[in-house]
Amino acid sequence: MALSREQVAMRVAQELQDGYYVNLGIGIPTLVANYVPAGIEVMLQSENGLLGMGPYPTEAELDADMINAGKETVTAIKGAAIFSSAESFAMIRGGHVDLTVLGAFEVDQNGNIASWMIPGKLVKGMGGAMDLVAGAMNIVVTMTHADKYGNSKLLQSCTLPLTGVGCVKKIVTDLAVLEVRNGAFHLLERAPGITVEEIQQKTAGKLVVDGEIPEMQFN
Amino acid sequence: MALSREQVAMRVAQELQDGYYVNLGIGIPTLVANYVPAGIEVMLQSENGLLGMGPYPTEAELDADMINAGKETVTAIKGAAIFSSAESFAMIRGGHVDLTVLGAFEVDQNGNIASWMIPGKLVKGMGGAMDLVAGAMNIVVTMTHADKYGNSKLLQSCTLPLTGVGCVKKIVTDLAVLEVRNGAFHLLERAPGITVEEIQQKTAGKLVVDGEIPEMQFN
Amino acid sequence: MAGFNKVVHSYEDAMAGLQDGMTVIAGGFGLCGIPEGLIAQIKKMKTKDLTVVSNNCGVDGFGLGILLEDRQIKKMVASYVGENALFEKQLLSGELEVELTPQGTLAEKMRAGGAGIPAFFTATGYGTPVAEGKETREINGRNYVLEPAITGDFAIVRAWKADRYGNLMFRHTSMNFNPMAATAGKITVAEVEEIVEPGELEPSQIHTPGIYVQRVIKGSFEKRIERRMVRQG
Amino acid sequence: MAGFNKVVHSYEDAMAGLQDGMTVIAGGFGLCGIPEGLIAQIKKMKTKDLTVVSNNCGVDGFGLGILLEDRQIKKMVASYVGENALFEKQLLSGELEVELTPQGTLAEKMRAGGAGIPAFFTATGYGTPVAEGKETREINGRNYVLEPAITGDFAIVRAWKADRYGNLMFRHTSMNFNPMAATAGKITVAEVEEIVEPGELEPSQIHTPGIYVQRVIKGSFEKRIERRMVRQG
């Protein structure tokens, strides 16, 4: 069965390593913070200028001057640092953030990503997404494998305007975990109960299936 | 009579305006701080990262972590700001410093300045001088009008490697105050007792003498 | 120091000299850290044809959004807009021009403007619509886009504490774009929560040295929250 | 947070991995704000053929100057050198190569290296020997030089206070080049006067966020004064 949003977040959380600085995008990526594996500590970077983002505030802690990149009120952990937007993107652009998790409309087999603009629809802007995909060492994209009409979002070549080129390394969808490498999607894991055939059928780009593909493990 | 170092500094100090941010180079420029006219306040920028430089410390105030760009121990005035070298040169390069006073080996009639390198002698480096001459809105050069052999330092074209091109606006020497404009030195003032003829004789570049040239006034 | 007393006592004085067609760089991220009173003054002045550079354009009825009501903004340079219906309407009708700029590039363009760097290379936006018409170059095996700096006739920022020399400190994440915006204005106006005596701000903890700031005004702030999220305490 | 505890307890651990031929970026201005113990450790390791990037190269017997004694430095990138006789001697004999870089350009090259900006334009040095062999360009009527960024295999900095996450604060003008150097090392090592608990440093007053710092060591410092000037108090 296709994964729920929470399950996708749980699977992405398995990509975390101890000591990682991580930037989580809006939506499913935000949920990843709830599933950090035991024994592993990560520090969350919020691109509006906060390293060491904590949970939402209590009523007593609420402060209009303390927000995250999603413009939500937030807290800072002990040992956090707060800085300007230029410093924040120096970190991001300079490759100091270990992992970025973000959503997308489309990804293609060359690691290109389209996530910010659908021609004909109102374009609200790219925010920090272009900087994040250009700067992070390690990008994981979360999205549904196909749109609601069954059209694949894993393409030979993105059809929408790009957010970044050749930058996506890993994709976690509701059906599979895939690695982007050498111009192809390499299937690494299946969602529980999902067949390779179904993944193949919903992957428009080149899919490499090498040997037995294990099911994802959730503890 | 040719001005003393102190008199050159006193004359340069007349260029100060209330509210000016000023960077003073090593040597005679440093002395300018002693002659700030009454009723005028300036703030001294030291390019190692201090805005609001104060006097030398007392024995009690001495602190190895508090130095100026000449690597001398120094103090900060109330209301000073301390920052990184990148921030300091952002101020300088970005044109936020109102006036820079510095010494030179040569200046030419096109406002070029040579102040850091004499071929054949050991080259110690340009420090912040190239940034200062490229960045300040307003540059005053202090130097002797001629070298100890009587050779002019105000040339048609600099002979030494340059520090900056077309940047010098004003020169205060031991003999004269001159403005650099339209490819010529325009004589503005004479040192007391110095004749226009002597200045002309010691100026190798094009000198414009327009009307009666007043003597410098010291109060 | 008369020459360094940058405190003004009215919003009229704070924004004096702002004219039709000027470029205004504004600090703030969403509604956090915005100079509320200075924006209100621009509305009052009815200045037109402004180019506004800011990460966002406020919401309907608050922040930079209020400058849309009388069509004072001709062009918006931002990374994310359209949190307000009026913005959408003016954009779709062609009354408002928008130059979308990646958030980090926008921050760096402001910093570069203030720091005398006319242009810089960045990988951000390479191969995307952002790079169209711009010079690109491969450096050490990666592709980069050349981005020009931004400067403004005015910069308007909000700070927490200031002294009369214009030294500024920002509070928590209301810092965001404010320090870079402050460096990039020909005239930079800081609207602040508190004015303290020179010397009260520790020199090495000043975020924006006073050299960048021409005017300081004490404001009072609503500090509207855009997305109020709380947990059970 | 095991993963974020960056404190090491020996200088051997602090500089582990430094190898012949590497590039080391060092903070400090003159003898102010230099990582004395880390420099001593490099001397002890006898690492050779180093490229050292620092505003200055210390004096005879102190600071980076001690790395000249056993000819550990192959190339120096600096804005002002030669405060020591040994430096002069090695330079004149051709044993030591020097790349003189304007001070502001040097600071910006380090910042750019840390910030993922591979190159930037600056007016500094246009028309001078510094611009030789470099691309120049007229932008809005002024001439500029394209300067590439600098990064290092190691960066060594001195800070005042640190927490175990690597957040740093600098003291007075010992800040100087340290914040930029800290961003530009693949491995950045901070030698500090005091290590405090996370949370003791006010988040918005941290000069260098811990993300840039891989190792922290508590040092003790001589803090030699280069030009001791005092007035009668």
# chains A, B, ... in the order shown; residues from 1 in each chain; ligands from 1

$ interface_residues --of "chain C" --to "chain A" --cutoff "9 Å" --atoms "only C-alpha atoms" --output "ChimeraX atom specification"
/C:29-33,55,78-83,88,91-92,100-108,110-111,122-129,171-180,223-233

$ closest_atom_pairs --of "chain C" --to "chain D" --cutoff "6 Å" --atoms "only C-alpha atoms" --output "CSV"
residue,atom,partner,partner_atom,distance
C:Ile117,CA,D:Thr122,CA,5.4
C:Ala119,CA,D:Phe121,CA,5.7
C:Phe120,CA,D:Phe120,CA,4.2
C:Phe121,CA,D:Ala119,CA,5.7
C:Thr122,CA,D:Ile117,CA,5.5
C:Gln205,CA,D:Gln205,CA,5.8

$ write_last_selection --atoms "N, CA, C and O atoms" --output "compact mmCIF listing (two decimals), in the first residue's frame"
# COMPACT_ATOMS: atom_id res chain seq x y z
N ILE C 117 30.50 45.51 -4.09
CA ILE C 117 30.73 44.38 -5.01
C ILE C 117 29.65 44.49 -6.09
O ILE C 117 28.48 44.24 -5.81
N ALA C 119 28.95 42.75 -8.73
CA ALA C 119 28.38 41.50 -9.24
C ALA C 119 29.17 40.32 -8.69
O ALA C 119 30.34 40.45 -8.37
N PHE C 120 28.48 39.17 -8.59
CA PHE C 120 29.13 37.96 -8.06
C PHE C 120 28.54 36.75 -8.77
O PHE C 120 27.44 36.80 -9.31
N PHE C 121 29.29 35.67 -8.74
CA PHE C 121 28.81 34.41 -9.31
C PHE C 121 28.18 33.55 -8.23
O PHE C 121 28.67 33.48 -7.11
N THR C 122 27.07 32.89 -8.60
CA THR C 122 26.43 31.94 -7.69
C THR C 122 25.87 30.78 -8.51
O THR C 122 25.43 30.97 -9.65
N GLN C 205 28.91 43.42 19.73
CA GLN C 205 27.61 42.77 19.58
C GLN C 205 26.63 43.60 18.76
O GLN C 205 25.46 43.25 18.61

$ atom_distance --atom1 "CA of Thr144 in chain A" --atom2 "CA of Leu24 in chain A"
17.1 Å

$ residues_around --residues "range 169-174 of chain B" --least-positions-apart "5" --cutoff "9 Å" --atoms "only C-alpha atoms" --output "PyMOL selection string"
chain B and resi 1-5+7-9+11-12+107+111+138-146+179-181+185+191

$ closest_residue --among "D:Gly141, D:Gly113, D:Pro35, D:Gly3" --to "Ile40 in chain A" --atoms "only C-alpha atoms"
D:Gly3
